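Peer 1: Structure provided below as structure tokens; questions to follow.
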Amino acid sequence: MAEPLLALDDLAVHFKVGSALAGGVHTLKAVDGVTLDVKPGECLGLVGESGCGKSTLALAIMGLIPPTRGHIALDGRDLAQRGRLETARTVQMIFQDPYASLNPRQTVRRTLADPLRIHGVTDRAEVEARVVDIMAKVGLRPEHADRYPHEFSGGQRQRIGIARALILKPKLVICDEPVSALDVSIRAQIINLLLELKDELGLAYIMISHDLGVVEHVSDRVAVMYLGRIVEQGGWQEIFENPRHPYTRALIAAIPDPFHRAAVSARAKARGEVPSALDPPPGCHFHPRCPLKADICVSQDPPLEPVAAGHRAACHFRDRIG
Amino acid sequence: MTADSLLRVEDLRIALAGDRTIYNAVEEVSFEIRRGEAFGLVGESGCGKSITALAVMGLLKRPLSLGGGKILLDGEEIQNASAARMRMLRGSRIGMIFQEPMTALNPLSPVGRQIAEMFVLHQNAGWSEAMDRAEEALRQVRVPSPGRRVKDYPHQLSGGMRQRVMIAIALACSPELLIADEPTTALDVTVQAEIIDLMAELCAAKGTAILMISHDLGLVANMCKRVAVMYAGRIVEAQPAEAIFAKPQHPYTQGLVDSLPRLGERSRRGQQRLREIAGVVPSIQAYPAGCRFNPRCPRASDVCLTTAPAITPLPAANSIEALVRCHHHG
Amino acid sequence: GVADAQQAQTPRKGGVIRMTAPYAASFGSLDPQATPRAQDDIVNKAIHRTLYNWDTANSKLVLELAKSVSVSDDGLVYTYKLRDDAYFHNGRKMTADDIIYSYTRIMDGKKGYPGARYIRLIKGATDVEKGTAKEISGLRKIDDYTLEITITDRVDPGYYLFSGSTAILPKEEAEKPDFASHPVGLGPFKFKEHIPGSRVVMERFDKFYKPGKPYADRLEVLIMAEAAARDVAFRNKEIDTSILGPAQYVAYRADPQLAKGILEVPEMFTRSIQFNLADGGAKPFKDKRVRQAFNLAIDSDLIIKRLVKDKAYRAVSWLPPSSASFDKTMKPYAHDPEKAKKLLAEAGYPNGFEFELTTSQNESWGMPIVEAIMPMLAKVGIKIKPKLVEVTVLTEIAMKGEHQAYIGSSLTGPDSLATLRCYYSKTPRTACNYTGFSSPAFDKLLDEAGQTGDMAKRTDLLKQANNVLYDEAPVWFFNYNKAVLAHQPWIHGLQANPTEITHQYPEDIWVDATSPAK
Amino acid sequence: MTLIPIKLMPRLRGGTSLWIGGGLVGLAVFVAIAAPLIARTDPVMDANLMNAEIPPGWEFPFGTDAQGRDIYSRIVYGARISLTVGVGSQILNSLIGVSLGLTAGYWGGWWDDFVTALTNLMLAIPSLIFALAIMAILGPGLSSLLMALGLTAWSYSCRIARAQVLSLKSQGYIQAARILGYGDLRIMFTQVLPNILGPLIVIATLGMGTAILSEAALSFLGLGIRPPFPSWGSMLSEARDQINTVPWLSIFPGVAIFLTVLGLNLLGDGLRDILDPQSTTRRS
Amino acid sequence: MLLVLARRLANVVPTLVAVIALVFLLFSVLPGSFISGMGEDGRTTIDPAVMERMRKEMGLDDPLPERFAKYIAHTAVGDLGKSFRTREPVTYLIGQRIWPSLKLMFAAMAFAIVVGVTLGFLAALRPGSLVDTVSMVAAISGLSLSQFWFGLMLMYLFALTLQWLPSFGYGDGGIMHLILPAIALGVGPMALLARTTRAAVLDVLNADFVRTARSKGMSERRVVEWHVLRNALVLVITIIGLQFGSLMGQAVVVEKLFAWPGVGSLLIDSVFQRDMPAVQGCILLIVLFFLAINTLVDIAYVAIDPRIRYGR
Ligand SMILES: Nc1ncnc2c1ncn2[C@@H]1O[C@H](COP(=O)(O)OP(=O)(O)OP(=O)(O)O)[C@@H](O)[C@H]1O
Ligand SMILES: Nc1ncnc2c1ncn2[C@@H]1O[C@H](COP(=O)(O)OP(=O)(O)OP(=O)(O)O)[C@@H](O)[C@H]1O
Ligand SMILES: [Mg+2]
Ligand SMILES: [Mg+2]
């Protein structure tokens, strides 16, 4: 088995919110004990509802938020020991909102060339060549280089964002909902592009998305997050065809499928609202919404344990489902 | 026109006053909703779904205005109805739910009061009676402990709860038609499913027809009996829900259905390259001549560049009308 | 008309007098001993009384709280027969004890009362100030209405004991902590109300010692520091008197109605540029010819006429014309730029020089004047760098000698000897020798004048000293102030007080029935 | 540098306030720059008491003052001082405010707390009072005035800069820059600053008007510019005693101040519509 | 409620201490001592010996830290020292000025609120109409006016030319004397309020929940009454608070011009007299007032805005 490119060990990111003067300080456990790894060339899908900590996890991996606990190892070395620039050349990120993720006052060329210069590529010709090259790869024409972001459509902007992420030739790219802000008819273009680039450049992805269809389509492995924790993790086929956590099942059941009307049993559906991460329920975080809730769920926090080879779920009843 | 037609929109045109010219943000839009029926309107962002709904409500504001066409509610032409008449219809006979539950409620007013207003406005109820009925309405939308919740302010409720309150407001006076403009896009997926179910259930119980607006074809097809697809201000296809997924006629609809990875697709067919729809959605100011989909259409021919396609009726399945607007449909 | 004039002869009893306090936006203190400010004295003159007073009509000092005085031969012991009809506003009669108490209070070293500079004339006063004595040895009560004062110098104590800051106060009241907000005195009006920053209201004191006086029932002093607002208020008939600046002076004289109510007086203030002749100053000024050239280069008459709008009298030398030692035969420096140039060349400055002139914003002796002389001096090559400071800082700068020259206004009366002492070489800069002037001839004349008991001789010696100053020109002699008081037609009995025109004699003032004030 | 993206151009056409404001300010700036060319006399040395207080007419379009100086020329030169006061103090304010606000918003932590506390402190002392205190200490004059007005009103731009940075900080392109290895200062200067210039320019424009008015107020209180060099405020303040007798002394500087400040306010409003469309009128 | 108050107070105290320190330091370096301020017009010269003695007496020669410590200690117990000028306690001096100051401010603010908010409202309800244009032109002109110039104009127009109102002063404290200075002081806040109100009302009118209200079939009038007013008020009240709070500071000019016996004229007087304790006292009061008003605004928020009332 290949050495993991990225290894997270019991990673936790807690935020202090509020102030001592205004109602007291609370701890928000945005990410709470996540252990994961990503191998080279692999695509890990990360799904979960809004606020469950997906973006926070991504930013922690990027080194933008210091972890409260646990370790992040890139290429086998702890993130803390790596230089900022070195990390930048290993892992990059694609953002959700193509409108907010480009500096409106910079041309495409500057957006792409500046990082190269910062990383010591000073030869003008080389910079130019790499800019043109990457633009071609993401499907932009060379004359686009001197335009400003507002002159592009959403899909084109996302291409610029992808080009920017790839200009330093990273090994791992974190895609934080790369298509959810795009017009429906554009999404396929971007998803195809990402998959092509993956094969062509041997990239590893972490694909964060709400859209289970997309995750299923692109991922090799999938991790499901709920309130800061991984509740289930495994190969894509296992997760989608044989989910072992009631939350995963609820997620899948919530997807309207005109071909399979009412195919999912009402039992799979989750009830009620997602609790606040500030004040998560005790025991299994999912128990207030869980159709399988039992007393043990309230008192005990189920560990993430294997159910099959490479498939783990954090549910007291993981073996009874499915 | 069918006998049990509730809302009929004929050749609706909505004008958008630009800097110098007037654009047609929506044109040649016709559809019909029958009593108790769920009708879906799907389309990408900016194609004119919301303003169509607002036109029906008589709530268009500058720079938008009604450019032409007829809107008939229960046979009554309301496109030129007086302001007072429209106020009577709004709320009591047509209810509406908006996309953003965060901002659609007045943050400074208890939710109970905001529901109760409906009874005061339309049923001459006194405030205390109205508040009691508001509590009842909250119970109907399955808000836990409604007695306490009536006094809560919107910020004390979660997104799903707020949307439930919106539903309670819209359905308070048992309208004949509920217009739901992307009621769940701002919600979590699991919550979304619950809200949709609730809406469908309540409407069925009250016999309220629904005009469901969304950009999610799957969602609409799942919930509605009939679906119309809009593109760039025009309806390009309308079919029964199953048919539009199984046998889409318009190249745009076909593109939409095929381009999106659907759950279970990979297991069935393996990881295939998605079908792309080339190009981008045009902006109002730059709608192409002829068929508006022509720059992106794989089947486009010369006629598509010059002539806007007329409506072609499709063979009716289940006695529901179906139509497509394409020179090369099928 | 005639009827008016006749009516004007018989003062009306009753009515309200509304005077203005124009110098600052508030009163400092209504404890007369605690304040040296002219602004405060406008009120204090009505409430309080001093041993002497200035008789404006005859330009001399008169006894106020005493009926008569006798002087010992050596001129150092004064015995006063005090009034036995003077009552404090609290109803108690004034006695010699009150004067002794008041003067002793002023010398309280811990308080630093401004009047101390006057009382120091009395023998033993400084001991009290230093804390070595409890009582002033030079004050002796003979009986309730007879007081003996021993002084240290052969001068007229009247010049010292008429100052408002030597007012006589009743002990039992002055000792109260809130005396300053509830002043009690001997004056014709008793305190009623003070709205700080706005006005002081006083009422007639019926037991005032001058029979039949005061006339008015009420006296209001309204604070009105903004000339423009004062102008509006006066025209709007909201105030009875107003001090006029040059601009208003012109306007009021031009207005036939307003022109009737203008009272003018040459005040005992000399406006000048004082050159710093000491080492800190600009070198050129050490040369007498440069100073003379300075005086010759400026067309002072033109400035007075056009800029000051004739609201001043051309200065000849240091003493004002109202002084007995003023030499009426002297002519002021002529306007002669050619001669000025020649003198400058002789002094070694054919191309002139540049110096820094410290000035305040004051319209009559500050920046506007500097702005007017700048081009004139530039014609003879003297360049001015104006340095604007606040009025309040001006004196301090002058005392410290941190200036090359400054433009200001100096009190030059009524005591001419004291006035000229400011150029006596042994007078320290901190006292008032701001120029650092030193001339043996001048010193000698002043020494002699101080020693002589013969008033006529003293006057003559001072006249000579004043003429020395003219020639030496330690200053640019600009003008003597003309104070102008505008008053409404219904107010009568105002006096042209040359020491300070706003300091009126409220017991003599009356308003006729046409006054709109109720 | 493209400060105003092209898409904004069409909106320029509609903004009457922008055009009027820009015109007025442009005129004032032109007058200030061209002062030696368009003034008729020296504003200080050409005093001629023989010409004192001549009403406006052929010879002296705006009349003369008590010193016999041409008011027109003094107004023209006064534009220099008044605009210097306005622009200079705002540059100072912006420099202080932006550097504090930018770093506070970007770095956060104790520095942010400190800057926020400092800003609140500055806001709690009315700036006129603060300026008055500083003028009283430094004494009248142009440089003290620049200090007094430039050190006391930076809290507005600081607040705006901070708020803007906070909202930009979570924007993708700032995060992207950090991820790409940009240094903090580089991010602040190349990524943040160009994108928050709009509201800052607006606030600075409005601040210039306030500064010119403050200069007039301080002059009135006797703590303004150092004569004889004319500023509009000091001219107005000197002339106030004669408003009834020699009205033209105060009319012209009064009008000059009013029009210039009006111009700046209109310009600020207009710019706000273009540069900072989301904000409504929230100035204090 | 209490919590909000406590929180505010916790914020206010450090600010106050900082202001005290700042003011103290500022005025300890002032050139010119209070004594030189005791004469004016060059009319009185003071004995240098007296001056020395008084400096000692007032502790002006002590080292700065010592003076500062003493000052803080005294201020903490509400003793602002004695005025150099009148030798009375500063608290007493200020006490006499507070009432006229408050009167002027309340009158000015009442004028500003009544006129400004009304104009802003009318303008927002009919954007683009004549009312809108006129009131917005008036508002921006109001913001461009020099306060003392405007005050003088009022004086000349209403006092001198029309003779409707007294020109200056406090008079007997009656309403007539109050009108002109209140207008002169209130015109700035009035203009600002007109603009803010208009913007706020327009903001609210475009809010989603107003659209919801309309979709309920509400008449425009009800929409405004039930849903717009209160929400706009939340926005407007901040500006009212900020304006009100800084009014005491702004009043310096107007008080001087109209010879109004308020804190502002005491301050300016004291600055020129170098009366340090009085200056410090006045500034302290002005800051305190600002903070107090802002605290009141916060409390008002709590009353109006449930989002603040329930945590968050
Ligand atoms: N800087 C921060 N300070 C405090 N709380 C934060 C911060 N960033 C994120 N959070 C909180 O942490 C939780 C996780 O946020 P995160 O953005 O990671 O969620 P997410 O899964 O990416 O959601 P979404 O799908 O909406 O993007 C949320 O409750 C969020 O409010
Ligand atoms: N007030 C307005 N001013 C100008 N253009 C408008 C206005 N409201 C809507 N439009 C334009 O009209 C078109 C249709 O808008 P509409 O809101 O109906 O789109 P939609 O289909 O509901 O999109 P979405 O899915 O984003 O809600 C859009 O191009 C939009 O830009
Ligand atoms: Mg996220
Ligand atoms: Mg919409």
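As shown in the structure tokens, the chain order sets the letters A, B, ...; within each chain, residues go from 1, and ligands are also counted from 1 in the order they appear.
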Taking only C-alpha atoms into account, find every residue of chain D that has an atom no more than 6 Å from chain A, and write it out as a list in words.
Peer 2: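 On the chain D side, the interface is Gln171, Gly172, Tyr173, Ile179, Leu180 and Gly181 of chain D.
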Peer 1: Keeping only C-alpha atoms, write the selected residues to a file as a short mmCIF file (atom, residue, chain, number, x, y, z; two decimals), in the first residue's frame.
Peer 2:
data_model
loop_
_atom_site.label_atom_id
_atom_site.label_comp_id
_atom_site.auth_asym_id
_atom_site.auth_seq_id
_atom_site.Cartn_x
_atom_site.Cartn_y
_atom_site.Cartn_z
CA GLN D 171 -13.16 35.70 0.78
CA GLY D 172 -11.70 32.98 -1.35
CA TYR D 173 -8.99 35.07 -2.93
CA ILE D 179 -2.52 29.10 0.63
CA LEU D 180 -0.26 30.05 -2.24
CA GLY D 181 2.32 31.29 0.23
#
Peer 1: Any idea what's packed within 12 Å of Pro211 of chain C, counting only C-alpha atoms, ignoring anything in its chain fewer than 2 positions away? Could you give it as a ChimeraX atom specification?
Peer 2: /C:85-86,188,205-209,213-215,507-508
Peer 1: The selected residues should be written to file as a short mmCIF file (atom, residue, chain, number, x, y, z; two decimals), in the first residue's frame (atoms: all heavy atoms).
Peer 2:
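Okay, this is what ended up in out08.cif:
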data_model
loop_
_atom_site.label_atom_id
_atom_site.label_comp_id
_atom_site.auth_asym_id
_atom_site.auth_seq_id
_atom_site.Cartn_x
_atom_site.Cartn_y
_atom_site.Cartn_z
N ASP C 85 -21.50 105.67 57.47
CA ASP C 85 -22.82 105.36 56.92
C ASP C 85 -22.75 104.27 55.84
O ASP C 85 -23.66 104.10 55.06
CB ASP C 85 -23.45 106.61 56.30
CG ASP C 85 -22.53 107.25 55.27
OD1 ASP C 85 -21.38 106.74 55.09
OD2 ASP C 85 -22.94 108.24 54.63
N ALA C 86 -21.63 103.56 55.84
CA ALA C 86 -21.50 102.51 54.83
C ALA C 86 -21.93 101.17 55.41
O ALA C 86 -21.41 100.73 56.43
CB ALA C 86 -20.05 102.45 54.34
N PRO C 188 -23.44 99.74 45.55
CA PRO C 188 -24.81 100.22 45.40
C PRO C 188 -25.80 99.11 45.02
O PRO C 188 -27.00 99.30 45.16
CB PRO C 188 -24.72 101.26 44.29
CG PRO C 188 -23.49 100.90 43.53
CD PRO C 188 -22.54 100.32 44.53
N PHE C 205 -29.41 98.29 46.35
CA PHE C 205 -29.17 98.17 47.79
C PHE C 205 -29.66 99.46 48.44
O PHE C 205 -29.12 100.53 48.22
CB PHE C 205 -27.67 97.95 48.03
CG PHE C 205 -27.32 97.88 49.49
CD1 PHE C 205 -28.07 97.09 50.38
CD2 PHE C 205 -26.24 98.59 50.00
CE1 PHE C 205 -27.74 97.01 51.70
CE2 PHE C 205 -25.91 98.52 51.33
CZ PHE C 205 -26.65 97.74 52.20
N ASP C 206 -30.72 99.34 49.22
CA ASP C 206 -31.38 100.55 49.71
C ASP C 206 -30.56 101.32 50.72
O ASP C 206 -30.73 102.52 50.88
CB ASP C 206 -32.74 100.18 50.30
CG ASP C 206 -33.70 99.76 49.21
OD1 ASP C 206 -33.63 100.36 48.11
OD2 ASP C 206 -34.48 98.81 49.42
N LYS C 207 -29.66 100.61 51.42
CA LYS C 207 -28.90 101.31 52.46
C LYS C 207 -27.55 101.79 51.93
O LYS C 207 -26.62 102.00 52.70
CB LYS C 207 -28.70 100.39 53.67
CG LYS C 207 -29.97 100.27 54.50
CD LYS C 207 -29.90 99.09 55.43
CE LYS C 207 -29.36 99.52 56.78
NZ LYS C 207 -29.36 98.37 57.73
N PHE C 208 -27.43 101.93 50.60
CA PHE C 208 -26.19 102.44 50.04
C PHE C 208 -25.93 103.85 50.58
O PHE C 208 -26.84 104.64 50.78
CB PHE C 208 -26.28 102.48 48.51
CG PHE C 208 -25.01 102.90 47.84
CD1 PHE C 208 -23.83 102.19 48.04
CD2 PHE C 208 -24.97 104.04 47.03
CE1 PHE C 208 -22.66 102.57 47.42
CE2 PHE C 208 -23.80 104.43 46.42
CZ PHE C 208 -22.64 103.71 46.61
N TYR C 209 -24.64 104.13 50.80
CA TYR C 209 -24.33 105.34 51.55
C TYR C 209 -24.54 106.65 50.81
O TYR C 209 -24.56 107.70 51.41
CB TYR C 209 -22.91 105.27 52.14
CG TYR C 209 -21.82 104.87 51.16
CD1 TYR C 209 -21.34 105.77 50.21
CD2 TYR C 209 -21.30 103.58 51.18
CE1 TYR C 209 -20.35 105.39 49.33
CE2 TYR C 209 -20.30 103.20 50.29
CZ TYR C 209 -19.82 104.11 49.37
OH TYR C 209 -18.87 103.75 48.51
N LYS C 213 -29.26 107.19 45.88
CA LYS C 213 -28.64 106.35 44.86
C LYS C 213 -28.59 104.91 45.36
O LYS C 213 -28.58 104.67 46.55
CB LYS C 213 -27.23 106.85 44.56
CG LYS C 213 -27.27 108.18 43.81
CD LYS C 213 -25.86 108.61 43.45
CE LYS C 213 -25.92 109.91 42.65
NZ LYS C 213 -24.59 110.42 42.32
N PRO C 214 -28.51 103.95 44.50
CA PRO C 214 -28.57 104.07 43.04
C PRO C 214 -29.99 104.31 42.56
O PRO C 214 -30.93 104.19 43.33
CB PRO C 214 -28.07 102.70 42.58
CG PRO C 214 -28.47 101.78 43.68
CD PRO C 214 -28.35 102.58 44.95
N TYR C 215 -30.11 104.57 41.25
CA TYR C 215 -31.43 104.89 40.69
C TYR C 215 -32.17 103.64 40.26
O TYR C 215 -33.34 103.45 40.55
CB TYR C 215 -31.29 105.83 39.50
CG TYR C 215 -30.60 107.12 39.86
CD1 TYR C 215 -29.34 107.43 39.38
CD2 TYR C 215 -31.24 108.05 40.71
CE1 TYR C 215 -28.72 108.61 39.71
CE2 TYR C 215 -30.61 109.23 41.05
CZ TYR C 215 -29.35 109.51 40.55
OH TYR C 215 -28.73 110.67 40.88
N GLU C 507 -24.03 103.55 40.45
CA GLU C 507 -24.95 104.34 41.27
C GLU C 507 -25.38 105.62 40.56
O GLU C 507 -26.40 106.21 40.91
CB GLU C 507 -24.32 104.65 42.64
CG GLU C 507 -23.09 105.56 42.60
CD GLU C 507 -21.77 104.78 42.58
OE1 GLU C 507 -21.72 103.76 41.84
OE2 GLU C 507 -20.82 105.18 43.26
N ASP C 508 -24.58 106.04 39.56
CA ASP C 508 -24.92 107.28 38.85
C ASP C 508 -25.76 107.04 37.61
O ASP C 508 -26.21 107.98 36.96
CB ASP C 508 -23.64 108.01 38.44
CG ASP C 508 -22.84 108.43 39.67
OD1 ASP C 508 -23.46 108.64 40.73
OD2 ASP C 508 -21.60 108.51 39.57
#
Peer 1: Using only C-alpha atoms, find the residues of chain B whose closest atom to chain E is at most 6 Å away, then write them as a PyMOL selection string.
Peer 2: chain B and resi 87+90-91+103-106+108
Peer 1: Take atom CA of Ser26 of chain C and atom CA of Ala496 of chain C and report the distance between them in Å, one decimal.
Peer 2: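 Atom CA of Ala496 of chain C lies 24.1 Å from atom CA of Ser26 of chain C.
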Peer 1: Could you pull the residues within 12 Å of segment 303-310 of chain A, counting only C-alpha atoms, minus those fewer than 5 positions along the same chain, as an MDAnalysis selection string?
Peer 2: chainID A and resid 10 33:37 220:225 229:239 242:245 283:285 297 315:322
Peer 1: Ligand 3: which residues are within 9 Å, counting only C-alpha atoms and all ligand atoms, as a ChimeraX atom specification?
Peer 2: /A:50-56,58,96,176-177,208-209
Peer 1: Counting only C-alpha atoms and all ligand atoms, which protein, DNA or RNA residues come within 10 Å of ligand 4, given as a VMD selection string?
Peer 2: chain B and resid 43 to 54 98 to 99 181 to 182 213 to 215
Peer 1: What does the file look like for those residues with all heavy atoms, as a compact mmCIF listing (two decimals), in the first residue's frame?
Peer 2:
# COMPACT_ATOMS: atom_id res chain seq x y z
N GLY B 43 -35.63 25.74 -13.91
CA GLY B 43 -34.75 26.49 -14.81
C GLY B 43 -33.55 27.00 -14.06
O GLY B 43 -33.55 27.05 -12.83
N GLU B 44 -32.57 27.40 -14.83
CA GLU B 44 -31.35 27.87 -14.20
C GLU B 44 -31.55 29.26 -13.61
O GLU B 44 -32.50 29.97 -13.92
CB GLU B 44 -30.22 27.89 -15.23
CG GLU B 44 -29.57 26.53 -15.37
CD GLU B 44 -28.51 26.55 -16.43
OE1 GLU B 44 -28.87 26.57 -17.63
OE2 GLU B 44 -27.34 26.55 -16.08
N SER B 45 -30.62 29.65 -12.82
CA SER B 45 -30.65 30.95 -12.18
C SER B 45 -30.82 32.06 -13.23
O SER B 45 -30.16 32.03 -14.27
CB SER B 45 -29.31 31.14 -11.46
OG SER B 45 -29.45 32.07 -10.45
N GLY B 46 -31.72 32.95 -12.97
CA GLY B 46 -31.86 34.11 -13.84
C GLY B 46 -32.74 33.89 -15.05
O GLY B 46 -32.88 34.78 -15.88
N CYS B 47 -33.38 32.73 -15.15
CA CYS B 47 -34.16 32.50 -16.36
C CYS B 47 -35.55 33.10 -16.25
O CYS B 47 -36.31 33.09 -17.21
CB CYS B 47 -34.23 31.01 -16.70
SG CYS B 47 -35.21 30.09 -15.53
N GLY B 48 -35.92 33.60 -15.09
CA GLY B 48 -37.19 34.31 -14.99
C GLY B 48 -38.26 33.61 -14.19
O GLY B 48 -39.42 34.00 -14.24
N LYS B 49 -37.89 32.64 -13.41
CA LYS B 49 -38.88 31.90 -12.63
C LYS B 49 -39.51 32.80 -11.56
O LYS B 49 -40.73 32.91 -11.45
CB LYS B 49 -38.23 30.69 -11.95
CG LYS B 49 -37.46 29.78 -12.89
CD LYS B 49 -36.84 28.61 -12.17
CE LYS B 49 -35.81 28.98 -11.12
NZ LYS B 49 -34.51 29.45 -11.63
N SER B 50 -38.65 33.45 -10.80
CA SER B 50 -39.18 34.23 -9.69
C SER B 50 -40.03 35.38 -10.17
O SER B 50 -41.08 35.67 -9.59
CB SER B 50 -38.04 34.79 -8.85
OG SER B 50 -37.31 33.76 -8.27
N ILE B 51 -39.62 36.04 -11.23
CA ILE B 51 -40.41 37.20 -11.64
C ILE B 51 -41.74 36.76 -12.24
O ILE B 51 -42.73 37.47 -12.15
CB ILE B 51 -39.63 38.15 -12.58
CG1 ILE B 51 -39.11 37.42 -13.81
CG2 ILE B 51 -38.49 38.81 -11.83
CD1 ILE B 51 -38.40 38.35 -14.79
N THR B 52 -41.76 35.58 -12.80
CA THR B 52 -43.04 35.05 -13.26
C THR B 52 -43.98 34.89 -12.06
O THR B 52 -45.15 35.29 -12.09
CB THR B 52 -42.82 33.68 -13.94
OG1 THR B 52 -41.90 33.84 -15.00
CG2 THR B 52 -44.13 33.12 -14.46
N ALA B 53 -43.43 34.32 -10.99
CA ALA B 53 -44.25 34.15 -9.79
C ALA B 53 -44.70 35.50 -9.24
O ALA B 53 -45.87 35.67 -8.87
CB ALA B 53 -43.45 33.39 -8.73
N LEU B 54 -43.79 36.46 -9.24
CA LEU B 54 -44.15 37.79 -8.72
C LEU B 54 -45.21 38.43 -9.60
O LEU B 54 -46.08 39.15 -9.11
CB LEU B 54 -42.91 38.68 -8.64
CG LEU B 54 -41.92 38.31 -7.52
CD1 LEU B 54 -40.70 39.20 -7.59
CD2 LEU B 54 -42.58 38.44 -6.15
N PHE B 98 -41.12 32.20 0.13
CA PHE B 98 -39.92 32.68 -0.56
C PHE B 98 -38.72 31.82 -0.22
O PHE B 98 -38.71 31.03 0.72
CB PHE B 98 -39.64 34.13 -0.17
CG PHE B 98 -40.72 35.05 -0.63
CD1 PHE B 98 -41.74 35.43 0.22
CD2 PHE B 98 -40.72 35.52 -1.93
CE1 PHE B 98 -42.74 36.28 -0.21
CE2 PHE B 98 -41.72 36.37 -2.36
CZ PHE B 98 -42.74 36.75 -1.50
N GLN B 99 -37.67 32.07 -1.01
CA GLN B 99 -36.47 31.25 -0.95
C GLN B 99 -35.73 31.36 0.38
O GLN B 99 -35.37 30.35 0.97
CB GLN B 99 -35.56 31.70 -2.09
CG GLN B 99 -34.23 31.02 -2.14
CD GLN B 99 -33.53 31.33 -3.44
OE1 GLN B 99 -34.09 31.96 -4.33
NE2 GLN B 99 -32.31 30.87 -3.58
N ASP B 181 -41.38 29.49 -4.09
CA ASP B 181 -40.22 29.88 -4.90
C ASP B 181 -38.95 29.35 -4.24
O ASP B 181 -38.45 29.93 -3.30
CB ASP B 181 -40.18 31.41 -5.04
CG ASP B 181 -39.10 31.85 -6.00
OD1 ASP B 181 -38.37 30.99 -6.53
OD2 ASP B 181 -38.97 33.06 -6.23
N GLU B 182 -38.46 28.26 -4.72
CA GLU B 182 -37.27 27.61 -4.19
C GLU B 182 -37.31 27.55 -2.66
O GLU B 182 -36.47 28.11 -2.00
CB GLU B 182 -36.01 28.36 -4.63
CG GLU B 182 -36.06 28.71 -6.11
CD GLU B 182 -34.68 28.88 -6.71
OE1 GLU B 182 -33.73 28.39 -6.10
OE2 GLU B 182 -34.59 29.48 -7.79
N ILE B 213 -41.34 26.24 -7.66
CA ILE B 213 -40.27 26.77 -8.48
C ILE B 213 -38.94 26.27 -7.94
O ILE B 213 -38.69 26.32 -6.73
CB ILE B 213 -40.30 28.31 -8.46
CG1 ILE B 213 -41.59 28.78 -9.14
CG2 ILE B 213 -39.08 28.89 -9.12
CD1 ILE B 213 -41.76 30.26 -9.12
N SER B 214 -38.09 25.79 -8.81
CA SER B 214 -36.80 25.28 -8.34
C SER B 214 -35.84 25.17 -9.50
O SER B 214 -36.24 25.19 -10.66
CB SER B 214 -37.00 23.90 -7.69
OG SER B 214 -35.76 23.35 -7.36
N HIS B 215 -34.55 25.08 -9.18
CA HIS B 215 -33.62 24.77 -10.27
C HIS B 215 -33.25 23.28 -10.23
O HIS B 215 -32.46 22.82 -11.03
CB HIS B 215 -32.38 25.65 -10.22
CG HIS B 215 -31.69 25.59 -8.90
ND1 HIS B 215 -31.59 26.69 -8.08
CD2 HIS B 215 -31.08 24.60 -8.27
CE1 HIS B 215 -30.95 26.35 -6.98
NE2 HIS B 215 -30.63 25.08 -7.06
